[in-house]
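Undergrad: What follows is final-v2.cif, made up of mmCIF, C-alpha atoms:
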data_model
#
loop_
_atom_site.label_atom_id
_atom_site.label_comp_id
_atom_site.auth_asym_id
_atom_site.auth_seq_id
_atom_site.Cartn_x
_atom_site.Cartn_y
_atom_site.Cartn_z
CA MET X 1367 -98.86 81.33 -225.81
CA THR X 1368 -98.22 82.90 -229.23
CA ARG X 1369 -99.12 80.93 -232.28
CA LYS X 1370 -98.52 81.11 -235.96
CA ALA X 1371 -101.74 82.19 -237.63
CA PRO X 1372 -101.76 80.60 -241.08
CA GLY X 1373 -105.47 81.32 -241.46
CA PRO X 1374 -108.33 78.87 -241.02
CA ILE X 1375 -107.53 75.41 -242.29
CA SER X 1376 -109.88 73.97 -244.96
CA LYS X 1377 -112.01 70.88 -244.35
CA ASP X 1378 -109.77 68.84 -246.64
CA GLY X 1379 -106.75 70.24 -244.85
CA LYS X 1380 -108.19 69.11 -241.51
CA ARG X 1381 -108.93 65.65 -242.82
CA GLU X 1382 -105.45 65.29 -244.27
CA ARG X 1383 -103.88 66.46 -241.01
CA ILE X 1384 -105.87 63.89 -239.02
CA ALA X 1385 -105.08 61.09 -241.47
CA ARG X 1386 -101.38 61.95 -241.48
CA ARG X 1387 -101.21 61.98 -237.67
CA VAL X 1388 -103.08 58.66 -237.36
CA ALA X 1389 -100.77 57.08 -239.93
CA ALA X 1390 -97.79 57.95 -237.73
CA GLU X 1391 -99.34 55.74 -235.01
CA LEU X 1392 -99.20 52.62 -237.15
CA ALA X 1393 -96.23 50.43 -236.40
CA HIS X 1394 -94.23 48.25 -238.81
CA ASN X 1395 -95.66 44.79 -239.52
CA THR X 1396 -99.12 45.37 -238.12
CA LEU X 1397 -102.62 44.46 -239.25
CA VAL X 1398 -104.91 47.48 -239.39
CA ASN X 1399 -108.57 48.01 -240.22
CA LEU X 1400 -109.60 51.42 -241.54
CA GLY X 1401 -113.23 52.52 -241.39
CA ILE X 1402 -115.10 54.17 -244.24
CA GLY X 1403 -114.62 57.91 -244.91
CA LEU X 1404 -111.88 59.84 -243.15
CA PRO X 1405 -110.13 56.73 -241.74
CA THR X 1406 -109.71 55.41 -245.30
CA LEU X 1407 -107.45 58.42 -246.05
CA VAL X 1408 -104.95 57.14 -243.48
CA ALA X 1409 -103.68 54.61 -246.04
CA ASN X 1410 -102.29 57.48 -248.15
CA PHE X 1411 -99.93 58.58 -245.38
CA ILE X 1412 -98.39 55.36 -244.08
CA PRO X 1413 -94.63 56.01 -243.97
CA PRO X 1414 -92.88 54.08 -246.77
CA ASP X 1415 -90.49 52.37 -244.36
CA ARG X 1416 -93.36 50.52 -242.66
CA THR X 1417 -95.24 47.49 -243.87
CA VAL X 1418 -98.82 47.74 -242.73
CA PHE X 1419 -101.35 45.21 -243.95
CA LEU X 1420 -104.91 46.46 -244.16
CA HIS X 1421 -107.79 44.18 -243.21
CA SER X 1422 -111.06 44.58 -245.09
CA GLU X 1423 -114.00 43.34 -243.01
CA ASN X 1424 -115.79 41.82 -246.01
CA GLY X 1425 -113.08 39.21 -246.33
CA PHE X 1426 -109.46 39.89 -247.12
CA ILE X 1427 -106.11 41.09 -245.88
CA GLY X 1428 -104.03 43.28 -248.16
CA LEU X 1429 -106.48 46.01 -249.10
CA GLY X 1430 -104.88 48.14 -251.82
CA PRO X 1431 -105.85 51.41 -253.46
CA GLU X 1432 -109.21 51.88 -255.19
CA ALA X 1433 -109.26 50.48 -258.69
CA PRO X 1434 -108.78 53.08 -261.43
CA ASN X 1435 -112.02 54.28 -263.03
CA GLY X 1436 -113.65 51.62 -265.13
CA ALA X 1437 -111.03 48.99 -264.29
CA GLY X 1438 -112.88 47.82 -261.19
CA ASP X 1439 -113.04 44.12 -260.33
CA TRP X 1440 -116.40 43.75 -258.59
CA ASP X 1441 -115.18 40.60 -256.87
CA ILE X 1442 -112.86 42.78 -254.74
CA VAL X 1443 -114.63 45.60 -252.96
CA ASN X 1444 -113.89 47.55 -249.79
CA ALA X 1445 -116.22 47.89 -246.81
CA GLY X 1446 -118.04 50.66 -248.69
CA GLY X 1447 -118.77 48.35 -251.61
CA GLN X 1448 -116.37 50.10 -254.01
CA PRO X 1449 -113.97 48.14 -256.23
CA VAL X 1450 -110.45 48.09 -254.85
CA THR X 1451 -107.26 46.09 -255.30
CA ILE X 1452 -105.40 43.51 -253.26
CA VAL X 1453 -101.66 43.87 -252.68
CA PRO X 1454 -99.06 41.09 -253.07
CA GLY X 1455 -99.08 38.95 -249.93
CA GLY X 1456 -102.81 39.41 -249.39
CA CYS X 1457 -105.37 36.67 -248.84
CA TYR X 1458 -109.12 36.11 -249.02
CA PHE X 1459 -111.46 34.48 -246.51
CA ASP X 1460 -115.16 34.32 -245.63
CA SER X 1461 -117.09 36.53 -243.21
CA ALA X 1462 -116.93 34.13 -240.26
CA MET X 1463 -113.13 34.03 -240.56
CA SER X 1464 -112.96 37.78 -241.10
CA PHE X 1465 -114.75 38.44 -237.82
CA ALA X 1466 -112.86 35.71 -236.01
CA ILE X 1467 -109.76 37.70 -236.96
CA ILE X 1468 -111.40 40.86 -235.65
CA ARG X 1469 -113.00 39.52 -232.46
CA GLY X 1470 -110.14 37.19 -231.70
CA GLY X 1471 -107.75 40.08 -231.13
CA HIS X 1472 -105.71 39.53 -234.31
CA VAL X 1473 -106.22 43.06 -235.63
CA ASP X 1474 -103.63 45.39 -234.09
CA VAL X 1475 -105.36 48.69 -234.74
CA THR X 1476 -108.78 49.80 -235.92
CA VAL X 1477 -109.36 53.38 -237.00
CA LEU X 1478 -112.95 54.62 -236.98
CA GLY X 1479 -114.88 57.86 -237.14
CA ALA X 1480 -117.17 58.95 -234.30
CA LEU X 1481 -120.23 61.01 -233.55
CA GLU X 1482 -119.32 61.19 -229.85
CA VAL X 1483 -116.55 59.89 -227.58
CA ASP X 1484 -116.45 60.36 -223.83
CA GLU X 1485 -114.16 60.42 -220.80
CA GLU X 1486 -114.58 56.69 -220.21
CA GLY X 1487 -113.58 55.78 -223.74
CA ASN X 1488 -117.17 55.04 -224.67
CA LEU X 1489 -117.93 55.44 -228.37
CA ALA X 1490 -121.10 56.39 -230.25
CA ASN X 1491 -120.70 56.20 -234.01
CA TYR X 1492 -123.50 54.17 -235.54
CA MET X 1493 -126.85 55.87 -235.12
CA ILE X 1494 -128.81 59.01 -234.33
CA PRO X 1495 -132.27 57.81 -233.21
CA GLY X 1496 -135.00 59.13 -235.49
CA LYS X 1497 -132.50 60.54 -237.99
CA MET X 1498 -129.77 58.20 -239.07
CA VAL X 1499 -130.08 54.48 -238.45
CA PRO X 1500 -127.72 52.85 -240.93
CA GLY X 1501 -126.76 49.93 -238.72
CA MET X 1502 -123.48 49.11 -237.04
CA GLY X 1503 -122.04 46.94 -239.81
CA GLY X 1504 -118.73 45.65 -238.48
CA ALA X 1505 -118.02 48.56 -236.13
CA MET X 1506 -119.13 46.93 -232.87
CA ASP X 1507 -116.98 43.86 -233.47
CA LEU X 1508 -113.99 45.95 -234.54
CA VAL X 1509 -114.10 48.21 -231.50
CA VAL X 1510 -114.45 45.28 -229.11
CA GLY X 1511 -111.91 43.04 -230.82
CA ALA X 1512 -109.02 45.19 -232.06
CA LYS X 1513 -106.05 45.56 -229.72
CA LYS X 1514 -106.03 49.33 -230.16
CA VAL X 1515 -108.94 51.60 -231.11
CA ILE X 1516 -108.10 54.97 -232.65
CA ILE X 1517 -110.85 57.48 -233.31
CA ALA X 1518 -110.16 59.80 -236.24
CA MET X 1519 -112.58 62.71 -236.41
CA GLU X 1520 -112.95 66.47 -236.55
CA HIS X 1521 -112.80 67.94 -233.07
CA VAL X 1522 -116.23 69.61 -233.25
CA ASN X 1523 -119.36 68.84 -235.26
CA LYS X 1524 -120.69 70.92 -238.15
CA HIS X 1525 -122.43 73.20 -235.67
CA GLY X 1526 -119.14 73.83 -233.88
CA GLU X 1527 -120.21 71.74 -230.87
CA PRO X 1528 -117.82 69.42 -229.02
CA LYS X 1529 -117.85 65.73 -229.95
CA ILE X 1530 -115.65 64.78 -227.00
CA LEU X 1531 -118.01 64.72 -224.03
CA LYS X 1532 -118.22 63.79 -220.36
CA ARG X 1533 -120.77 61.15 -221.28
CA CYS X 1534 -122.02 60.10 -224.70
CA THR X 1535 -125.67 60.93 -225.31
CA LEU X 1536 -126.20 58.76 -228.41
CA PRO X 1537 -126.57 54.96 -228.39
CA LEU X 1538 -123.17 53.41 -227.81
CA THR X 1539 -121.19 51.32 -230.25
CA ALA X 1540 -119.11 49.97 -227.36
CA ARG X 1541 -118.15 50.76 -223.78
CA ARG X 1542 -114.64 51.65 -222.62
CA GLU X 1543 -112.85 50.51 -225.75
CA VAL X 1544 -111.36 53.72 -227.21
CA ASP X 1545 -107.59 54.14 -226.72
CA LEU X 1546 -106.68 57.26 -228.68
CA ILE X 1547 -108.57 60.20 -230.22
CA VAL X 1548 -106.95 62.09 -233.10
CA THR X 1549 -108.67 65.27 -234.29
CA ASP X 1550 -107.66 68.31 -236.32
CA MET X 1551 -106.86 70.06 -233.01
CA ALA X 1552 -105.46 67.45 -230.68
CA VAL X 1553 -104.24 63.97 -229.87
CA ILE X 1554 -105.95 62.70 -226.73
CA ARG X 1555 -105.19 59.46 -224.95
CA VAL X 1556 -107.87 57.63 -223.01
CA ALA X 1557 -106.32 56.65 -219.68
CA HIS X 1558 -107.98 54.56 -216.97
CA ASP X 1559 -108.81 57.77 -215.09
CA GLY X 1560 -109.88 59.99 -217.98
CA LEU X 1561 -108.59 61.86 -221.00
CA VAL X 1562 -105.00 63.04 -221.31
CA LEU X 1563 -104.08 65.80 -223.76
CA GLU X 1564 -100.96 64.50 -225.49
CA GLU X 1565 -100.52 66.88 -228.40
CA ILE X 1566 -102.12 69.92 -230.00
CA SER X 1567 -102.00 70.99 -233.63
CA GLU X 1568 -99.66 73.73 -234.76
CA ASP X 1569 -102.38 76.34 -235.17
CA THR X 1570 -104.20 76.06 -231.85
CA THR X 1571 -103.64 76.48 -228.13
CA VAL X 1572 -104.26 74.28 -225.11
CA GLU X 1573 -106.95 76.77 -224.03
CA GLU X 1574 -108.70 76.56 -227.40
CA VAL X 1575 -108.67 72.75 -227.33
CA ALA X 1576 -110.12 72.80 -223.80
CA ARG X 1577 -112.81 75.27 -224.94
CA CYS X 1578 -113.84 72.93 -227.77
CA THR X 1579 -113.93 69.85 -225.53
CA ASP X 1580 -116.84 69.08 -223.23
CA ALA X 1581 -114.83 66.69 -221.07
CA ARG X 1582 -112.14 67.13 -218.47
CA LEU X 1583 -108.70 67.02 -220.06
CA GLN X 1584 -105.68 66.14 -217.98
CA ILE X 1585 -102.90 68.43 -219.11
CA HIS X 1586 -99.46 67.25 -218.15
CA GLN X 1587 -96.37 69.40 -218.21
CA LYS X 1588 -95.36 68.58 -221.71
CA VAL X 1589 -97.92 68.82 -224.49
CA GLY X 1590 -96.48 68.00 -227.89
CA GLU X 1591 -97.30 69.61 -231.23
CA PHE X 1592 -98.25 68.10 -234.59
CA MET U 495 -125.35 14.88 -259.13
CA LYS U 496 -127.38 17.93 -258.19
CA LYS U 497 -130.33 19.48 -259.89
CA ILE U 498 -129.15 21.96 -262.54
CA GLN U 499 -131.76 24.60 -263.27
CA THR U 500 -132.18 28.07 -264.66
CA PRO U 501 -132.41 30.86 -262.06
CA ARG U 502 -136.16 31.10 -262.72
CA GLU U 503 -136.71 27.36 -262.18
CA ALA U 504 -134.49 27.35 -259.13
CA VAL U 505 -136.50 29.97 -257.24
CA ALA U 506 -139.92 28.70 -258.38
CA HIS U 507 -140.63 26.90 -255.11
CA ILE U 508 -139.72 29.84 -252.88
CA HIS U 509 -143.09 30.66 -251.41
CA ASP U 510 -144.61 33.83 -250.02
CA GLY U 511 -143.54 34.30 -246.41
CA ALA U 512 -140.36 32.24 -246.76
CA VAL U 513 -137.25 32.93 -244.71
CA ILE U 514 -134.33 33.35 -247.09
CA MET U 515 -130.65 34.05 -246.71
CA ILE U 516 -128.93 35.94 -249.51
CA GLY U 517 -125.14 35.94 -249.73
CA GLY U 518 -123.06 38.97 -250.64
CA PHE U 519 -121.58 42.15 -249.26
CA MET U 520 -122.78 45.31 -250.99
CA CYS U 521 -123.63 43.08 -254.01
CA CYS U 522 -120.09 41.60 -254.15
CA GLY U 523 -120.58 37.85 -254.15
CA GLN U 524 -124.34 38.24 -254.40
CA PRO U 525 -126.38 35.88 -256.59
CA LEU U 526 -127.88 38.66 -258.71
CA ARG U 527 -129.56 36.36 -261.23
CA LEU U 528 -131.42 34.63 -258.41
CA THR U 529 -132.54 37.90 -256.80
CA GLU U 530 -133.74 39.09 -260.22
CA ALA U 531 -135.66 35.86 -260.76
CA LEU U 532 -137.23 36.16 -257.31
CA LEU U 533 -138.23 39.74 -258.06
CA ALA U 534 -139.76 38.75 -261.39
CA GLN U 535 -141.65 35.90 -259.73
CA GLY U 536 -143.39 38.33 -257.38
CA THR U 537 -142.75 36.44 -254.14
CA GLN U 538 -143.85 38.52 -251.15
CA ASN U 539 -143.71 38.83 -247.37
CA LEU U 540 -140.17 37.52 -247.29
CA THR U 541 -137.96 37.46 -244.24
CA VAL U 542 -134.51 38.21 -245.64
CA ILE U 543 -131.27 37.55 -243.78
CA THR U 544 -128.38 39.25 -245.54
CA ASN U 545 -125.42 41.41 -244.62
CA ASP U 546 -126.79 44.68 -245.96
CA ALA U 547 -129.64 46.30 -247.86
CA GLY U 548 -127.23 46.94 -250.72
CA PHE U 549 -127.90 49.59 -253.31
CA PRO U 550 -131.47 50.49 -254.43
CA ASP U 551 -130.86 49.41 -258.01
CA ARG U 552 -129.10 46.06 -257.57
CA GLY U 553 -129.62 42.67 -256.01
CA VAL U 554 -131.29 42.37 -252.64
CA GLY U 555 -131.76 46.15 -252.58
CA LYS U 556 -134.31 45.87 -255.40
CA LEU U 557 -136.40 43.40 -253.37
CA VAL U 558 -136.44 45.95 -250.53
CA VAL U 559 -137.40 48.81 -252.86
CA ALA U 560 -140.20 46.69 -254.40
CA GLY U 561 -141.68 46.07 -250.95
CA ARG U 562 -141.19 42.28 -251.05
CA VAL U 563 -139.40 42.15 -247.73
CA LYS U 564 -141.55 42.00 -244.62
CA ARG U 565 -138.63 41.58 -242.25
CA LEU U 566 -134.94 42.27 -242.80
CA ILE U 567 -132.15 40.95 -240.60
CA ALA U 568 -128.91 42.71 -241.57
CA SER U 569 -125.89 44.56 -240.22
CA HIS U 570 -126.11 47.67 -242.39
CA ILE U 571 -128.85 49.40 -244.38
CA GLY U 572 -127.30 52.85 -244.81
CA LEU U 573 -126.63 52.80 -248.56
CA ASN U 574 -130.20 51.98 -249.58
CA PRO U 575 -132.49 54.91 -248.64
CA ALA U 576 -135.62 52.78 -249.26
CA ALA U 577 -134.64 50.48 -246.39
CA GLY U 578 -134.55 53.33 -243.87
CA GLN U 579 -137.82 54.76 -245.18
CA LYS U 580 -139.65 51.44 -244.97
CA MET U 581 -138.24 50.82 -241.51
CA ASN U 582 -139.40 54.24 -240.28
CA SER U 583 -142.86 53.88 -241.87
CA GLY U 584 -143.27 50.44 -240.30
CA GLU U 585 -143.69 48.78 -243.69
CA MET U 586 -140.62 46.62 -243.08
CA ALA U 587 -139.34 45.36 -239.73
CA VAL U 588 -135.57 45.60 -239.41
CA GLU U 589 -133.34 43.77 -236.96
CA LEU U 590 -129.82 45.20 -237.00
CA VAL U 591 -127.16 42.69 -236.00
CA PRO U 592 -123.41 43.35 -235.67
CA GLN U 593 -121.76 41.84 -238.72
CA GLY U 594 -119.57 39.37 -236.87
CA THR U 595 -122.52 38.27 -234.75
CA LEU U 596 -124.61 37.81 -237.89
CA ALA U 597 -121.95 35.55 -239.42
CA GLU U 598 -121.64 33.48 -236.24
CA ARG U 599 -125.41 33.16 -235.68
CA ILE U 600 -125.73 31.78 -239.19
CA ARG U 601 -122.66 29.58 -238.85
CA CYS U 602 -123.79 28.07 -235.57
CA ALA U 603 -127.18 27.20 -237.08
CA GLY U 604 -125.40 25.19 -239.75
CA ALA U 605 -122.87 23.75 -237.34
CA GLY U 606 -125.31 22.24 -234.87
CA LEU U 607 -124.53 24.64 -232.05
CA GLY U 608 -127.07 26.13 -229.67
CA GLY U 609 -125.68 29.63 -229.99
CA VAL U 610 -122.54 31.62 -229.67
CA LEU U 611 -121.05 33.70 -226.85
CA THR U 612 -119.69 37.06 -228.01
CA PRO U 613 -118.44 40.18 -226.25
CA THR U 614 -119.72 42.30 -229.15
CA GLY U 615 -122.69 44.46 -228.20
CA LEU U 616 -122.19 44.34 -224.42
CA GLY U 617 -123.24 47.64 -222.87
CA THR U 618 -125.10 48.70 -226.01
CA GLU U 619 -128.68 48.46 -227.28
CA VAL U 620 -127.75 45.13 -228.86
CA GLU U 621 -127.76 43.41 -225.46
CA ALA U 622 -131.45 44.17 -224.81
CA GLY U 623 -133.33 41.01 -223.90
CA LYS U 624 -130.30 38.74 -224.27
CA ARG U 625 -128.86 36.40 -221.71
CA LYS U 626 -125.39 37.25 -220.38
CA VAL U 627 -123.00 34.44 -219.60
CA GLU U 628 -119.76 34.75 -217.66
CA VAL U 629 -116.86 32.51 -218.63
CA ASP U 630 -113.55 32.74 -216.77
CA GLY U 631 -114.48 36.15 -215.41
CA ARG U 632 -115.41 37.66 -218.75
CA LYS U 633 -118.97 38.53 -219.77
CA TYR U 634 -120.52 37.55 -223.08
CA LEU U 635 -123.88 37.83 -224.80
CA LEU U 636 -125.60 34.63 -225.81
CA GLU U 637 -126.57 35.00 -229.45
CA THR U 638 -128.88 32.37 -230.89
CA PRO U 639 -128.74 30.49 -234.21
CA LEU U 640 -130.27 31.94 -237.37
CA LYS U 641 -131.55 29.47 -239.93
CA ALA U 642 -133.58 29.76 -243.10
CA ASP U 643 -135.88 27.90 -245.47
CA PHE U 644 -133.68 28.85 -248.42
CA ALA U 645 -130.18 30.18 -248.96
CA LEU U 646 -129.32 31.91 -252.22
CA VAL U 647 -125.56 31.87 -252.64
CA LYS U 648 -123.08 32.82 -255.34
CA ALA U 649 -120.36 30.70 -256.87
CA SER U 650 -117.81 31.47 -259.54
CA VAL U 651 -117.64 27.82 -260.53
CA CYS U 652 -119.81 24.84 -259.55
CA ASP U 653 -119.37 21.26 -260.57
CA ARG U 654 -122.35 18.98 -261.15
CA CYS U 655 -121.98 17.59 -257.61
CA GLY U 656 -122.63 21.06 -256.24
CA ASN U 657 -119.08 21.82 -255.08
CA ALA U 658 -118.58 25.54 -255.34
CA PHE U 659 -115.57 27.77 -255.76
CA VAL U 660 -116.27 31.38 -254.80
CA ALA U 661 -113.63 33.79 -256.07
CA LYS U 662 -111.88 36.54 -254.13
CA ALA U 663 -113.88 38.69 -251.72
CA GLY U 664 -117.13 37.19 -252.98
CA LYS U 665 -116.89 34.46 -250.36
CA ASN U 666 -118.23 36.62 -247.51
CA PHE U 667 -121.51 35.14 -246.21
CA ASN U 668 -121.96 32.51 -248.93
CA LEU U 669 -120.27 29.67 -247.07
CA VAL U 670 -122.06 30.03 -243.73
CA MET U 671 -125.42 30.66 -245.39
CA ALA U 672 -125.13 27.54 -247.55
CA MET U 673 -124.80 25.57 -244.29
CA ALA U 674 -127.76 27.11 -242.48
CA ALA U 675 -130.73 26.64 -244.82
CA GLN U 676 -133.07 23.76 -245.52
CA HIS U 677 -132.50 24.25 -249.22
CA THR U 678 -129.51 25.99 -250.77
CA ILE U 679 -129.43 27.29 -254.32
CA ALA U 680 -126.00 28.15 -255.69
CA GLU U 681 -125.90 30.50 -258.64
CA ALA U 682 -122.84 29.63 -260.70
CA ASP U 683 -121.11 31.78 -263.29
CA ARG U 684 -119.75 28.58 -264.80
CA LEU U 685 -120.78 24.94 -264.52
CA VAL U 686 -118.12 22.25 -264.94
CA GLU U 687 -118.20 18.47 -265.09
CA ILE U 688 -117.42 16.31 -262.08
CA GLY U 689 -113.66 16.06 -261.71
CA GLU U 690 -112.99 19.42 -263.34
CA LEU U 691 -113.10 21.43 -260.10
CA ASP U 692 -109.94 20.82 -258.08
CA PRO U 693 -111.00 19.60 -254.59
CA GLU U 694 -108.36 21.96 -253.17
CA ARG U 695 -110.33 24.88 -254.58
CA VAL U 696 -113.73 24.07 -253.09
CA THR U 697 -115.11 26.94 -250.96
CA ILE U 698 -118.53 25.38 -250.34
CA PRO U 699 -118.66 21.58 -250.04
CA SER U 700 -121.24 19.98 -252.32
CA ILE U 701 -123.26 18.55 -249.43
CA PHE U 702 -124.59 22.01 -248.62
CA VAL U 703 -125.83 22.73 -252.14
CA ASN U 704 -129.22 21.38 -253.30
CA THR U 705 -129.59 23.13 -256.63
CA VAL U 706 -127.12 24.72 -259.01
CA ALA U 707 -128.56 27.61 -261.01
CA VAL U 708 -126.95 28.58 -264.30
CA SER U 709 -128.19 30.99 -266.91
CA PRO U 710 -129.43 29.26 -270.05
#
Could you express the structure from this file as structure tokens?

TA:
Amino acid sequence: MTRKAPGPISKDGKRERIARRVAAELAHNTLVNLGIGLPTLVANFIPPDRTVFLHSENGFIGLGPEAPNGAGDWDIVNAGGQPVTIVPGGCYFDSAMSFAIIRGGHVDVTVLGALEVDEEGNLANYMIPGKMVPGMGGAMDLVVGAKKVIIAMEHVNKHGEPKILKRCTLPLTARREVDLIVTDMAVIRVAHDGLVLEEISEDTTVEEVARCTDARLQIHQKVGEF
Amino acid sequence: MKKIQTPREAVAHIHDGAVIMIGGFMCCGQPLRLTEALLAQGTQNLTVITNDAGFPDRGVGKLVVAGRVKRLIASHIGLNPAAGQKMNSGEMAVELVPQGTLAERIRCAGAGLGGVLTPTGLGTEVEAGKRKVEVDGRKYLLETPLKADFALVKASVCDRCGNAFVAKAGKNFNLVMAMAAQHTIAEADRLVEIGELDPERVTIPSIFVNTVAVSP
């Protein structure tokens, strides 16, 4: 297969591509929770014809953009503790309600980053024993409770090693909860019998995606492009 | 009518080794005057139940940095490097609890329940040592109540009865924590007379608040 070769895409370019593709998954009139970091960027690419309300785990619906420098209201922060805004139609509640909303299946989509994802839809994204033990925060509840779990991450780690594996090696955040994986190279759906390659990015090939993935990918006749 | 004290007076009877809950989420809705007063008082060997270890230079994070916390029960400690260091060195024991489970464990302590059944944490390290219960074919973990000697909570406005209004996203853990402690101290930005706080606007009912702390 011949491909356009626009040169290697920058890290920011990869992140924007992932965020843009995830945003296209979000349907009109849905409640969505975006994790810290890359998933937060998704908000910038929600198509203007769709109303998507963002849930902030610390206690409100209607998460708006970050407050301009110096104008921050410290009574409204995002899950990273940074001052943000609330959009018209939003509402506040306490933590027990916030996680009742999450666990009770009232959040349509949650978008999170990952360290590892595997063929069974298992997710590891909250600790590396002996190195990074920040705690799970709200991630375990979100992954278990949201109707749809989308992982937004770069396809390989900073050493160029696959993050999509046969089996996760790190402590799990949850078992069999991931529905869709969106990376800078591919869109992969987690089916009941394994991973299905749905789409590849415009500057890669099916072979390259398979080479960068340490899990079996089912490749159906038609693989889309994004 | 509740006791109205300064932050320093309000924390004076918090003893070494006490179990305390501290409201807030990354310092939003955290009673920072109370944590400062506790720091200044020098209280040690605390067991602290709070959502996160915050930032090193504010609120509960400063208690961690100063080595006042013997045991921390929280959902996230990643933005305060001192918390990770003290956990790894063994100076501070840390129990990491999923955030929704933390809220429900605290709530059920205040609500007279023997625990809560949650699917969160099944199949992960969180399930270690916990009882699993099946209800209608679905498995859950039994999570047990968390209570405290003291709860330090934040209010935007308190009346002299102890009714508290907590603005915006500051509500977070303040309501459930106020319910789950033997003695709850509410730090108020503003104190009003009885009748001046609209009953429709009460976030924390007065019955849960023992002391209202206001800056002199």

Undergrad: For the structure provided, state which residues fall under the PyMOL selection byres ((chain X) within 6 of (chain U)), and present them as a ChimeraX atom specification.

TA: /X:1424-1425,1441-1442,1447,1458,1460-1462,1465,1500-1504,1506-1507,1538

Undergrad: Between CA of Pro1537 (chain X) and CA of Asp1580 (chain X), what is the distance in Å, rounded to a tenth?

TA: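 CA of Pro1537 (chain X) sits 17.9 Å away from CA of Asp1580 (chain X).
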
Undergrad: Return as an NGL selection string the set of residues that the PyMOL selection byres ((chain X and resi 1384) around 7) yields on the displayed structure.

TA: :X and (1380-1383 or 1385-1388 or 1518 or 1548-1550)

Undergrad: Could you write out as a PyMOL selection string the residues that the PyMOL selection byres ((chain U and resi 674) around 12) matches in the shown file?

TA: chain U and resi 513-517+543+597-607+639-647+667-673+675-679+701-703

Undergrad: Have a look at CA of Thr1579 (chain X) and CA of Pro1528 (chain X) and let me know their distance in Å, one decimal.

TA: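 Here the two named atoms are 5.2 Å from each other.
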
Undergrad: Could you jot down the CA of Ala622 (chain U) to CA of Ala1512 (chain X) separation for me, Å, one decimal place?

TA: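 Those two atoms sit 23.6 Å apart.
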
Undergrad: Would you list the residues near (-104.1, 47.5, -242.2) (no more than 12 Å away, in the coordinates of the file, using only C-alpha atoms) as an MDAnalysis selection string?

TA: chainID X and resid 1389 1391:1401 1405:1406 1408:1410 1412 1416:1423 1426:1430 1452:1453 1456 1468 1472:1477 1512

Undergrad: Would you mind listing what lies within 9 Å of Glu1565 (chain X) as a VMD selection string, with only C-alpha atoms counted and same-chain residues fewer than 6 positions away left out?

TA: chain X and resid 1551 to 1554 1572 1588 to 1592

Undergrad: Could you name the residues that touch Ala1557 (chain X) at 10 Å or less, counting all atoms listed in the file, but leaving out those on the same chain fewer than 4 positions away, as a count of residues only?

TA: 9

Undergrad: Considering all atoms listed in the file, return as number ranges by chain whatever protein or nucleic-acid residues lie within 9 Å of Glu1527 (chain X), sequence-local ones (same chain, fewer than 2 positions apart) excluded.

TA: X: 1521-1525, 1529, 1578-1580

Undergrad: Nearest residue to Val1510 (chain X) out of U:Met586, U:Pro699, U:Thr537, U:Tyr634, using all atoms listed in the file?

TA: U:Tyr634

Undergrad: Using all atoms listed in the file, which protein or nucleic acid residues come within 6 Å of region 559-562 of chain U? Drop anything in the same chain fewer than 5 positions from it, and give the result as a count of residues only.

TA: 3
